[in-house]
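> Input structure: query-v4.txt, which contains compact mmCIF, C-alpha atoms.
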```txt
# COMPACT_ATOMS: atom_id res chain seq x y z
CA MET A 1 76.47 39.28 65.12
CA LYS A 2 77.34 40.98 61.85
CA LYS A 3 79.60 38.12 60.98
CA LEU A 4 76.80 35.61 61.60
CA PHE A 5 74.41 37.69 59.51
CA GLY A 6 76.92 37.78 56.67
CA ILE A 7 77.34 34.02 56.81
CA ILE A 8 73.56 33.50 56.72
CA LEU A 9 73.20 35.94 53.81
CA LEU A 10 75.97 34.24 51.89
CA PHE A 11 74.33 30.90 52.54
CA LEU A 12 70.99 32.19 51.31
CA ILE A 13 72.58 33.63 48.14
CA ILE A 14 74.34 30.35 47.43
CA ALA A 15 71.12 28.43 48.08
CA ALA A 16 69.17 30.77 45.80
CA LEU A 17 71.75 30.42 43.05
CA ALA A 18 71.79 26.64 43.45
CA SER A 19 67.99 26.53 43.34
CA ALA A 20 67.94 28.73 40.25
CA PHE A 21 70.60 26.59 38.62
CA PHE A 22 68.60 23.45 39.49
CA LEU A 23 65.33 24.90 38.21
CA TYR A 24 67.02 26.12 35.03
CA ASN A 25 68.39 22.67 34.23
CA ALA A 26 65.68 20.43 35.69
CA GLU A 27 62.85 22.62 34.40
CA PRO A 28 60.03 21.13 36.47
CA ASP A 29 56.53 21.40 35.05
CA PHE A 30 55.31 23.92 37.64
CA LEU A 31 57.46 26.71 36.19
CA MET A 32 55.48 29.53 34.58
CA ASP A 33 55.06 29.72 30.82
CA ARG A 34 56.78 33.10 30.94
CA PHE A 35 59.96 31.29 32.00
CA TYR A 36 60.00 29.14 28.86
CA LYS A 37 59.07 32.07 26.64
CA ASN A 38 62.09 34.00 27.89
CA ILE A 39 64.54 31.12 27.94
CA TYR A 40 63.49 29.59 24.61
CA SER A 41 62.56 32.65 22.59
CA ASP A 42 64.46 31.19 19.62
CA ARG A 43 62.36 28.00 19.71
CA LEU A 44 58.90 29.54 19.76
CA GLY A 45 56.50 29.06 16.84
CA PRO A 46 57.26 30.72 13.49
CA ALA A 47 55.59 33.85 12.19
CA PRO A 48 54.62 33.16 8.52
CA GLU A 49 53.81 35.88 6.04
CA VAL A 50 52.27 35.47 2.58
CA MET A 51 53.54 37.73 -0.18
CA LEU A 52 52.41 38.42 -3.74
CA ASN A 53 55.26 40.21 -5.53
CA GLU A 54 56.73 41.35 -2.20
CA THR A 55 53.36 42.72 -0.99
CA PRO A 56 51.75 41.06 2.06
CA VAL A 57 48.38 39.46 1.31
CA HIS A 58 45.61 37.99 3.44
CA PHE A 59 45.72 34.46 4.85
CA ASP A 60 44.22 32.48 7.72
CA ARG A 61 46.10 30.18 10.05
CA THR A 62 43.58 27.35 10.42
CA ALA A 63 45.69 24.89 12.41
CA GLU A 64 48.69 25.24 14.70
CA VAL A 65 50.58 22.63 16.71
CA TRP A 66 53.92 23.57 18.26
CA SER A 67 56.27 22.07 20.85
CA ILE A 68 59.79 22.92 22.02
CA GLN A 69 62.38 20.58 23.47
CA LYS A 70 63.59 21.59 26.93
CA LYS A 71 67.15 21.19 28.18
CA ASN A 72 66.10 18.06 30.06
CA GLY A 73 65.01 16.47 26.76
CA GLN A 74 61.30 16.67 27.44
CA TRP A 75 58.87 18.30 25.03
CA TYR A 76 56.80 21.27 26.12
CA THR A 77 53.81 22.88 24.37
CA PRO A 78 53.68 26.63 24.98
CA PRO A 79 50.29 28.40 24.95
CA LYS A 80 49.15 29.81 21.60
CA ALA A 81 49.68 33.47 21.12
CA SER A 82 46.23 33.74 19.54
CA ASP A 83 43.37 31.44 18.74
CA ASN A 84 42.67 33.43 15.56
CA ALA A 85 44.60 34.16 12.40
CA ALA A 86 48.25 35.15 12.61
CA ALA A 87 48.72 38.64 13.94
CA SER A 88 50.91 39.46 10.94
CA ASP A 89 48.02 38.67 8.62
CA GLY A 90 45.76 41.55 9.53
CA ASP A 91 42.39 42.41 8.11
CA THR A 92 43.89 45.27 6.09
CA ASN A 93 45.95 43.03 3.82
CA PRO A 94 44.33 42.49 0.41
CA ALA A 95 43.51 39.07 -1.03
CA ALA A 96 46.03 37.69 -3.51
CA ALA A 97 45.06 38.49 -7.10
CA ALA A 98 47.36 37.19 -9.84
CA THR A 99 46.95 39.02 -13.14
CA SER A 100 50.33 38.48 -14.79
CA HIS A 101 52.31 35.35 -15.71
CA GLU A 102 55.27 36.95 -13.91
CA ASP A 103 53.41 37.22 -10.59
CA ARG A 104 55.06 35.30 -7.76
CA LEU A 105 53.25 34.01 -4.70
CA ALA A 106 55.53 33.15 -1.79
CA VAL A 107 55.51 32.44 1.94
CA THR A 108 58.25 33.74 4.22
CA VAL A 109 58.86 32.12 7.59
CA ASP A 110 61.69 32.48 10.11
CA LYS A 111 62.04 28.72 10.62
CA GLU A 112 62.48 26.68 7.44
CA PRO A 113 60.04 23.73 7.55
CA ASP A 114 61.15 20.17 6.85
CA ARG A 115 58.15 19.45 4.62
CA VAL A 116 55.74 21.65 2.72
CA SER A 117 52.66 20.33 0.93
CA LEU A 118 50.09 22.27 -1.04
CA LYS A 119 46.52 21.68 -2.14
CA ILE A 120 44.83 24.13 -4.48
CA ILE A 121 41.08 23.76 -4.08
CA GLU A 122 38.19 25.13 -6.12
CA PRO A 123 35.86 26.35 -3.33
CA ASP A 124 32.54 25.97 -5.18
CA SER A 125 33.08 22.33 -6.20
CA GLY A 126 35.60 21.30 -3.57
CA GLN A 127 37.72 19.86 -6.38
CA VAL A 128 41.47 19.66 -5.77
CA VAL A 129 43.01 21.10 -8.95
CA LEU A 130 46.61 20.62 -7.77
CA GLU A 131 48.27 18.65 -4.98
CA GLU A 132 52.03 18.49 -4.62
CA GLN A 133 55.10 19.16 -2.50
CA ALA A 134 55.77 22.87 -2.70
CA VAL A 135 58.59 25.41 -2.46
CA LEU A 136 57.68 28.32 -0.19
CA SER A 137 59.61 30.88 -2.23
CA ASN A 138 57.54 30.24 -5.35
CA LEU A 139 54.10 28.67 -4.96
CA PRO A 140 52.58 27.52 -8.26
CA LEU A 141 49.58 29.19 -9.85
CA PRO A 142 46.69 27.02 -11.11
CA GLU A 143 46.55 26.29 -14.83
CA GLN A 144 43.16 27.96 -15.14
CA ASN A 145 41.47 31.20 -14.11
CA GLY A 146 39.12 31.42 -11.16
CA THR A 147 39.02 31.79 -7.39
CA PHE A 148 40.88 29.19 -5.34
CA THR A 149 41.83 28.28 -1.80
CA TYR A 150 45.46 27.39 -1.16
CA GLU A 151 45.76 24.93 1.72
CA LEU A 152 49.42 25.05 2.69
CA THR A 153 50.76 22.62 5.31
CA MET A 154 54.20 23.24 6.83
CA GLU A 155 55.80 20.60 9.05
CA TRP A 156 58.77 20.72 11.42
CA THR A 157 59.72 17.18 12.45
CA GLY A 158 61.97 17.91 15.43
CA GLU A 159 64.54 15.42 14.18
CA ALA A 160 67.33 17.94 13.60
CA LYS A 161 66.18 20.96 15.63
CA PRO A 162 64.75 21.39 19.16
CA TYR A 163 61.21 22.21 18.03
CA ARG A 164 58.46 20.44 16.14
CA GLY A 165 54.95 21.08 14.91
CA ASN A 166 52.82 21.96 11.92
CA TYR A 167 50.97 24.99 10.64
CA VAL A 168 48.16 25.01 8.10
CA LEU A 169 47.52 28.22 6.19
CA GLU A 170 44.53 28.98 3.98
CA ILE A 171 45.23 31.57 1.33
CA PRO A 172 42.43 32.88 -0.92
CA VAL A 173 43.82 33.44 -4.43
CA THR A 174 42.12 34.89 -7.49
CA VAL A 175 43.71 34.13 -10.86
CA ASP A 176 42.86 36.18 -13.94
CA LEU A 177 45.66 35.61 -16.44
CA PRO A 178 45.73 36.06 -20.22
CA GLU A 179 45.91 33.00 -22.48
CA LYS A 180 49.28 31.32 -22.73
CA PHE A 181 50.29 29.02 -25.62
CA VAL A 182 52.88 26.29 -25.03
CA PHE A 183 54.28 24.01 -27.79
CA SER A 184 55.77 20.75 -26.50
CA VAL A 185 58.53 20.86 -29.15
CA GLN A 186 59.50 23.07 -32.08
CA ARG A 187 61.33 20.36 -34.00
CA LEU A 188 60.04 16.83 -34.27
CA THR A 189 60.63 13.72 -36.34
CA GLN A 190 58.10 11.76 -38.40
CA GLY A 191 56.22 9.52 -35.95
CA GLN A 192 56.27 12.05 -33.11
CA LEU A 193 53.26 13.82 -31.56
CA LEU A 194 53.25 17.60 -31.11
CA GLU A 195 51.17 18.75 -28.14
CA VAL A 196 49.83 22.31 -27.99
CA THR A 197 48.50 23.57 -24.65
CA VAL A 198 46.61 26.80 -24.07
CA TYR A 199 46.46 27.83 -20.43
CA TYR A 200 43.80 30.20 -19.05
CA ALA A 201 41.60 29.77 -22.12
CA ASP A 202 38.22 30.98 -20.89
CA GLU A 203 36.56 30.94 -24.34
CA PRO A 204 37.80 28.16 -26.70
CA GLU A 205 35.92 29.75 -29.59
CA ASP A 206 38.09 32.84 -29.16
CA ILE A 207 41.28 30.93 -29.99
CA LEU A 208 42.90 31.48 -33.38
CA PHE A 209 44.85 28.43 -34.56
CA GLU A 210 45.77 27.86 -38.20
CA GLN A 211 48.08 25.08 -39.42
CA SER A 212 48.52 22.62 -42.28
CA ILE A 213 50.08 19.62 -40.51
CA TYR A 214 46.89 17.79 -39.52
CA SER A 215 43.52 18.46 -41.13
CA LYS A 216 41.41 16.99 -38.28
CA PHE A 217 42.86 19.13 -35.51
CA LYS A 218 40.57 19.71 -32.51
CA TRP A 219 40.83 21.10 -28.99
CA HIS A 220 40.29 18.99 -25.90
CA GLN A 221 39.02 21.13 -23.04
CA GLN A 222 39.69 20.54 -19.35
CA GLY A 223 38.47 23.38 -17.17
CA GLY A 224 40.22 26.51 -18.36
CA LEU A 225 42.89 24.52 -20.18
CA LEU A 226 42.91 23.43 -23.82
CA ARG A 227 45.07 20.68 -25.34
CA GLY A 228 45.42 19.96 -29.03
CA TYR A 229 47.58 17.41 -30.86
CA LEU A 230 49.36 17.42 -34.20
CA PRO A 231 50.28 13.80 -35.00
CA THR A 232 52.96 12.96 -37.55
CA ASN A 233 54.21 9.80 -39.20
CA TYR A 234 55.49 8.59 -42.58
CA ASN A 235 52.46 10.17 -44.28
CA VAL A 236 53.39 13.70 -43.18
CA LYS A 237 55.82 15.40 -45.54
CA PRO A 238 59.06 16.56 -43.86
CA GLY A 239 59.74 20.27 -43.91
CA SER A 240 59.03 23.58 -42.20
CA TYR A 241 55.46 24.43 -41.21
CA GLN A 242 54.03 27.72 -39.97
CA ILE A 243 51.39 27.85 -37.25
CA ASN A 244 49.44 31.08 -36.74
CA TYR A 245 47.84 31.45 -33.31
CA GLY A 246 46.35 34.14 -31.09
CA ILE A 247 43.19 35.55 -29.54
CA LYS A 248 40.47 36.65 -31.93
CA SER A 249 38.76 39.19 -29.66
CA GLU A 250 42.06 40.89 -28.88
CA GLY A 251 43.23 40.86 -32.48
CA THR A 252 46.51 39.21 -31.50
CA GLU A 253 48.29 36.85 -33.90
CA PHE A 254 51.65 35.15 -33.49
CA THR A 255 53.67 32.70 -35.58
CA GLN A 256 55.40 29.50 -34.56
CA GLU A 257 57.69 27.65 -36.97
CA ILE A 258 57.60 23.86 -36.63
CA GLU A 259 60.23 21.69 -38.30
CA ILE A 260 59.37 18.06 -39.13
CA ALA A 261 62.45 15.95 -39.87
CA GLU A 262 62.44 12.91 -42.10
CA TYR A 263 62.87 9.46 -40.54
CA ASN A 264 64.69 6.74 -42.43
CA TYR A 265 62.27 3.80 -42.18
CA ASN A 266 63.57 0.29 -42.77
CA ILE A 267 62.40 -2.35 -45.26
CA GLN A 268 61.55 -5.80 -43.94
CA TYR A 269 61.36 -9.09 -45.80
CA LEU A 270 58.96 -11.43 -44.05
CA TYR A 271 58.28 -15.06 -44.90
CA VAL A 272 55.02 -16.57 -43.69
CA ASP A 273 53.67 -20.08 -44.10
CA PRO A 274 51.32 -19.84 -47.12
CA GLU A 275 48.61 -21.72 -45.23
CA THR A 276 48.77 -19.24 -42.33
CA GLU A 277 48.61 -16.33 -44.75
CA GLN A 278 45.62 -17.82 -46.56
CA GLU A 279 43.76 -18.47 -43.29
CA THR A 280 44.31 -15.03 -41.78
CA ARG A 281 44.51 -12.64 -44.74
CA ASN A 282 41.34 -13.18 -46.71
CA ASP A 283 38.07 -11.42 -47.51
CA ALA A 284 36.36 -12.65 -44.34
CA ALA A 285 39.26 -11.42 -42.19
CA TYR A 286 39.24 -7.96 -43.75
CA ALA A 287 35.44 -7.68 -43.56
CA GLU A 288 35.53 -8.53 -39.84
CA TYR A 289 38.39 -6.09 -39.28
CA ASN A 290 36.63 -3.24 -41.08
CA LYS A 291 33.36 -3.84 -39.26
CA TYR A 292 34.52 -4.25 -35.66
CA TYR A 293 38.05 -2.88 -35.45
CA ILE A 294 38.33 0.23 -37.63
CA PRO A 295 35.39 2.26 -36.19
CA VAL A 296 36.50 2.00 -32.56
CA ARG A 297 39.29 4.57 -32.78
CA ASN A 298 37.00 7.24 -34.18
CA GLN A 299 35.63 8.11 -30.73
CA SER A 300 37.53 8.90 -27.54
CA GLU A 301 36.83 10.16 -24.04
CA PRO A 302 37.15 13.99 -24.14
CA SER A 303 39.42 14.08 -21.08
CA ARG A 304 42.44 12.03 -20.06
CA TYR A 305 42.06 8.89 -17.98
CA TYR A 306 45.73 8.94 -17.01
CA THR A 307 47.97 11.17 -14.91
CA GLU A 308 51.27 9.22 -15.02
CA GLY A 309 53.76 8.42 -17.78
CA PHE A 310 53.57 5.35 -20.03
CA LEU A 311 55.34 2.08 -19.28
CA LEU A 312 56.51 -0.89 -21.39
CA PRO A 313 53.77 -3.43 -22.13
CA VAL A 314 56.33 -6.26 -22.27
CA LYS A 315 60.08 -6.75 -22.38
CA GLY A 316 61.60 -8.70 -25.23
CA ARG A 317 63.41 -8.67 -28.56
CA LEU A 318 62.45 -6.14 -31.21
CA THR A 319 61.62 -7.94 -34.45
CA THR A 320 59.96 -5.12 -36.42
CA GLU A 321 60.32 -1.36 -36.11
CA PHE A 322 57.53 1.17 -36.49
CA GLY A 323 56.89 2.39 -40.04
CA GLU A 324 58.75 -0.33 -41.93
CA THR A 325 57.65 -1.20 -45.44
CA ARG A 326 57.25 -4.93 -45.93
CA TYR A 327 57.65 -7.66 -48.46
CA VAL A 328 55.64 -10.72 -47.44
CA ASN A 329 56.78 -13.86 -49.26
CA ASP A 330 58.60 -11.59 -51.76
CA PHE A 331 55.49 -9.54 -52.56
CA PRO A 332 55.38 -5.85 -51.51
CA THR A 333 52.57 -4.80 -49.18
CA SER A 334 50.55 -1.61 -49.61
CA TYR A 335 50.87 -0.65 -45.96
CA ARG A 336 53.50 0.25 -43.40
CA HIS A 337 54.12 -1.59 -40.17
CA LEU A 338 51.90 0.32 -37.77
CA GLY A 339 53.59 -0.44 -34.47
CA LEU A 340 56.38 -2.41 -32.79
CA ASP A 341 56.79 -6.19 -32.82
CA ILE A 342 58.29 -7.40 -29.55
CA ALA A 343 59.11 -11.11 -29.41
CA ALA A 344 58.82 -12.79 -26.01
CA PRO A 345 58.10 -16.33 -24.74
CA GLU A 346 54.51 -17.46 -25.10
CA GLY A 347 52.57 -16.76 -21.92
CA THR A 348 54.62 -13.69 -20.91
CA GLU A 349 52.40 -11.15 -19.17
CA VAL A 350 51.33 -8.13 -21.21
CA LYS A 351 50.56 -4.95 -19.25
CA ALA A 352 48.43 -1.92 -20.00
CA VAL A 353 50.80 0.96 -20.73
CA ASN A 354 48.59 3.41 -18.85
CA ARG A 355 45.19 3.90 -17.29
CA GLY A 356 42.29 3.90 -19.72
CA LYS A 357 39.04 2.34 -20.84
CA VAL A 358 39.05 -0.97 -22.71
CA VAL A 359 37.07 -0.26 -25.87
CA LEU A 360 37.87 -3.51 -27.69
CA SER A 361 38.67 -7.00 -26.42
CA ARG A 362 37.98 -9.82 -28.81
CA SER A 363 39.48 -12.29 -31.24
CA PHE A 364 40.02 -11.35 -34.89
CA ILE A 365 40.99 -13.58 -37.80
CA LEU A 366 43.66 -11.08 -38.84
CA THR A 367 45.07 -9.70 -35.58
CA GLY A 368 44.21 -12.58 -33.26
CA ASN A 369 43.24 -11.84 -29.68
CA THR A 370 43.22 -8.05 -29.59
CA VAL A 371 42.87 -5.39 -26.88
CA MET A 372 42.40 -1.67 -27.53
CA ILE A 373 42.52 0.92 -24.72
CA ASP A 374 41.27 4.50 -24.96
CA HIS A 375 43.44 6.75 -22.77
CA GLY A 376 41.33 9.83 -23.51
CA GLU A 377 41.75 12.89 -25.71
CA GLY A 378 42.14 10.71 -28.80
CA LEU A 379 45.07 8.59 -27.59
CA PHE A 380 44.86 4.79 -27.95
CA SER A 381 47.10 1.82 -27.22
CA VAL A 382 46.56 -1.45 -29.12
CA TYR A 383 47.78 -5.00 -28.46
CA HIS A 384 47.65 -7.79 -31.11
CA HIS A 385 48.23 -11.58 -31.27
CA LEU A 386 47.61 -12.23 -27.55
CA LEU A 387 47.42 -15.78 -26.28
CA ASN A 388 44.37 -14.86 -24.20
CA LEU A 389 42.33 -11.89 -23.02
CA SER A 390 42.34 -10.78 -19.36
CA VAL A 391 40.08 -7.73 -19.69
CA LYS A 392 36.65 -7.02 -21.15
CA ALA A 393 35.35 -4.10 -23.19
CA GLY A 394 33.97 -1.37 -20.96
CA GLU A 395 36.40 -1.97 -18.09
CA ILE A 396 38.71 0.71 -16.73
CA THR A 397 42.18 -0.79 -16.70
CA GLU A 398 44.95 0.58 -14.51
CA ARG A 399 48.52 1.38 -15.50
CA GLY A 400 50.56 -1.85 -15.35
CA GLN A 401 47.50 -4.11 -15.08
CA LYS A 402 47.66 -7.45 -16.88
CA ILE A 403 45.52 -7.43 -20.03
CA GLY A 404 46.66 -10.73 -21.58
CA GLU A 405 49.68 -12.84 -22.45
CA VAL A 406 52.06 -12.98 -25.39
CA GLY A 407 50.80 -15.35 -28.07
CA SER A 408 50.87 -16.01 -31.79
CA THR A 409 47.21 -15.75 -32.77
CA GLY A 410 46.06 -14.31 -36.08
CA PHE A 411 48.53 -13.38 -38.84
CA SER A 412 51.70 -14.18 -36.91
CA THR A 413 54.94 -16.08 -37.42
CA GLY A 414 55.68 -16.73 -33.73
CA PRO A 415 55.01 -15.54 -30.17
CA HIS A 416 55.22 -11.76 -30.03
CA LEU A 417 53.28 -8.64 -29.15
CA HIS A 418 52.35 -6.26 -31.91
CA PHE A 419 51.98 -2.99 -29.99
CA MET A 420 50.64 0.30 -31.35
CA MET A 421 50.01 3.85 -30.19
CA SER A 422 47.75 6.15 -32.16
CA TYR A 423 46.02 9.50 -32.07
CA TYR A 424 42.57 8.44 -33.23
CA MET A 425 43.31 6.57 -36.50
CA MET A 426 46.80 7.98 -37.03
CA ASN A 427 49.53 5.61 -35.85
CA LEU A 428 52.55 7.00 -34.03
CA GLU A 429 56.01 5.81 -33.06
CA PRO A 430 55.33 4.02 -29.71
CA GLY A 431 58.87 4.64 -28.50
CA TYR A 432 58.17 8.33 -27.89
CA PHE A 433 55.55 7.38 -25.30
CA LEU A 434 57.47 4.48 -23.74
CA VAL A 435 61.08 5.70 -23.63
CA GLY A 436 61.07 9.19 -25.18
CA GLN A 437 62.65 8.17 -28.51
CA PRO A 438 62.14 5.73 -31.41
CA ILE A 439 62.82 2.10 -30.51
CA THR A 440 65.17 0.59 -33.11
CA TYR A 441 67.21 -2.52 -33.79
CA GLU A 442 70.23 -0.57 -32.57
CA ASN A 443 68.87 0.55 -29.17
CA TYR A 444 66.18 -1.95 -28.18
CA GLN A 445 68.53 -4.05 -26.05
CA GLU A 446 69.19 -1.06 -23.86
CA LEU A 447 65.60 0.19 -23.83
CA ILE A 448 63.19 -2.74 -23.78
CA GLN A 449 65.06 -6.00 -23.23
```
Turn this file's structure into structure tokens for me.

Amino acid sequence: MKKLFGIILLFLIIAALASAFFLYNAEPDFLMDRFYKNIYSDRLGPAPEVMLNETPVHFDRTAEVWSIQKKNGQWYTPPKASDNAAASDGDTNPAAAATSHEDRLAVTVDKEPDRVSLKIIEPDSGQVVLEEQAVLSNLPLPEQNGTFTYELTMEWTGEAKPYRGNYVLEIPVTVDLPEKFVFSVQRLTQGQLLEVTVYYADEPEDILFEQSIYSKFKWHQQGGLLRGYLPTNYNVKPGSYQINYGIKSEGTEFTQEIEIAEYNYNIQYLYVDPETEQETRNDAAYAEYNKYYIPVRNQSEPSRYYTEGFLLPVKGRLTTEFGETRYVNDFPTSYRHLGLDIAAPEGTEVKAVNRGKVVLSRSFILTGNTVMIDHGEGLFSVYHHLLNLSVKAGEITERGQKIGEVGSTGFSTGPHLHFMMSYYMMNLEPGYFLVGQPITYENYQELIQ
């Protein structure tokens, strides 16, 4: 009898072990959630924590989707630990308040996400002031003071690891930082534009800024950010310039040395059919030019139309550099060449170099079919001698949009685009906007052809 009992017991143990082994591997859906929590503890949802300078700060978990992959390959969604904010958040944690430029806002999480995206939102207006892919170890601060909501989305794709899902965190952040001055360069060459940015400038009138490079300097305000420009070209004397800047109410004053290097501009000898010169360079042509062309660049949209970099308006052969002095039919001219001449076959498409408002689109005796685009904050692009006009004044043109075709209208010796960039009335080397350096006879084949 004992022997029979032992056999039955052994059979039951083997059956139990087999059943357990089967359940462990087959994982049927009727198993309790506690089973999966114990077996897959390493695959459960992450526990994020938000830190400001290593101190935990308040956040809300506003969305949570999480699944784990079972041994049988199927995906399983465990129950949420809480329908509210993350337990690690806690009501006792303070809100994030950044008061120093060295402050660092970070998110720690035990499972590194595959993608992280961030929106910084101004709660009162709902405006998104920043949207980008983010790095959890160092989330960016807005470029202006105020109270913001960080909407942080973390995604786990499940492609490389046996879990997938996404978490959305909302982090209230208050920013109260002192003004910060940034100079785009400290050494520039004639024809280059110096950009000065003041971050966290709550009171523009409180900014001290003294310089002798450009007499018409002005600030362009965008929220709590100020941008100012110091344009240079052949009319600005090379040398060392001192800029004094600071905050009036705080009595702070700092000095920045700016070096402007001389550029060796070429001399061009141009021969034009006397009849063409007589028809396009006369009193009527100059009167029309002065009346309709000159005044347009005196006014500009106070904020930028564009958010991307500048692109080439047309590819071709460089026939005249920026800033060249000219002899036309052996007679010296009183002006410099104000842009780039790019020769291309007639009818070649000409593109807008960036987003902006068309402020001029008409035919001139002197410059032929002409388009002028205001890109905001005093920056203009100009296109001469077009075969035709594809845009009208008042339109918003997009970056890369066709605005016309290469032609030879006006004072021109053949099909080409005369292209200019200017800060208000002051012409600049276009190459700095298009390719980051002057475009010359030596490098144009590499850069624009």
> Excluding Asp206 (chain A) and any residue of its chain fewer than 2 positions from it, enumerate the residues within 6 Å of it, using only C-alpha atoms, and give them as a ChimeraX atom specification.
/A:203-204,247-248
> I want to know what sits within 8 Å of Ile121 (chain A), based on only C-alpha atoms, with residues of the same chain fewer than 2 positions away left out; could you give that as number ranges by chain?
A: 119, 123, 126-130, 148-151
> Mind running region 225-315 of chain A against region 343-359 of chain A at 9 Å and telling me each contacting residue's nearest atom pair with the distance in Å (one decimal), counting only C-alpha atoms, chain and number ascending, as JSON lines?

```
{"residue": "A:Val296", "atom": "CA", "partner": "A:Val359", "partner_atom": "CA", "distance": 7.1}
{"residue": "A:Arg297", "atom": "CA", "partner": "A:Val359", "partner_atom": "CA", "distance": 8.7}
{"residue": "A:Glu301", "atom": "CA", "partner": "A:Lys357", "partner_atom": "CA", "distance": 8.7}
{"residue": "A:Arg304", "atom": "CA", "partner": "A:Gly356", "partner_atom": "CA", "distance": 8.1}
{"residue": "A:Tyr305", "atom": "CA", "partner": "A:Gly356", "partner_atom": "CA", "distance": 5.3}
{"residue": "A:Tyr306", "atom": "CA", "partner": "A:Arg355", "partner_atom": "CA", "distance": 5.1}
{"residue": "A:Thr307", "atom": "CA", "partner": "A:Arg355", "partner_atom": "CA", "distance": 8.1}
{"residue": "A:Glu308", "atom": "CA", "partner": "A:Asn354", "partner_atom": "CA", "distance": 7.5}
{"residue": "A:Gly309", "atom": "CA", "partner": "A:Asn354", "partner_atom": "CA", "distance": 7.3}
{"residue": "A:Phe310", "atom": "CA", "partner": "A:Val353", "partner_atom": "CA", "distance": 5.2}
{"residue": "A:Leu311", "atom": "CA", "partner": "A:Val353", "partner_atom": "CA", "distance": 4.9}
{"residue": "A:Leu312", "atom": "CA", "partner": "A:Val353", "partner_atom": "CA", "distance": 6.0}
{"residue": "A:Pro313", "atom": "CA", "partner": "A:Lys351", "partner_atom": "CA", "distance": 4.6}
{"residue": "A:Val314", "atom": "CA", "partner": "A:Val350", "partner_atom": "CA", "distance": 5.4}
{"residue": "A:Lys315", "atom": "CA", "partner": "A:Ala344", "partner_atom": "CA", "distance": 7.2}
```
> Can you tell me which residues surround region 265-271 of chain A at a distance of at most 7 Å, considering only C-alpha atoms, apart from same-chain residues fewer than 6 positions away, and format the answer as a PyMOL selection string?
chain A and resi 323-329
> What does the distance from CA of Pro162 (chain A) to CA of Ile68 (chain A) come to in Å, to one decimal?
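Pair CA of Pro162 (chain A) / CA of Ile68 (chain A) returns 5.9 Å.
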> From the set A:Ser303, A:Ser381, A:Thr197, A:Thr252, which residue has the shortest atom-to-atom contact distance to Met425 (chain A), counting all atoms listed in the file?
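Of A:Ser303, A:Ser381, A:Thr197, A:Thr252, the one nearest Met425 (chain A), counting all atoms listed in the file, is A:Ser381.
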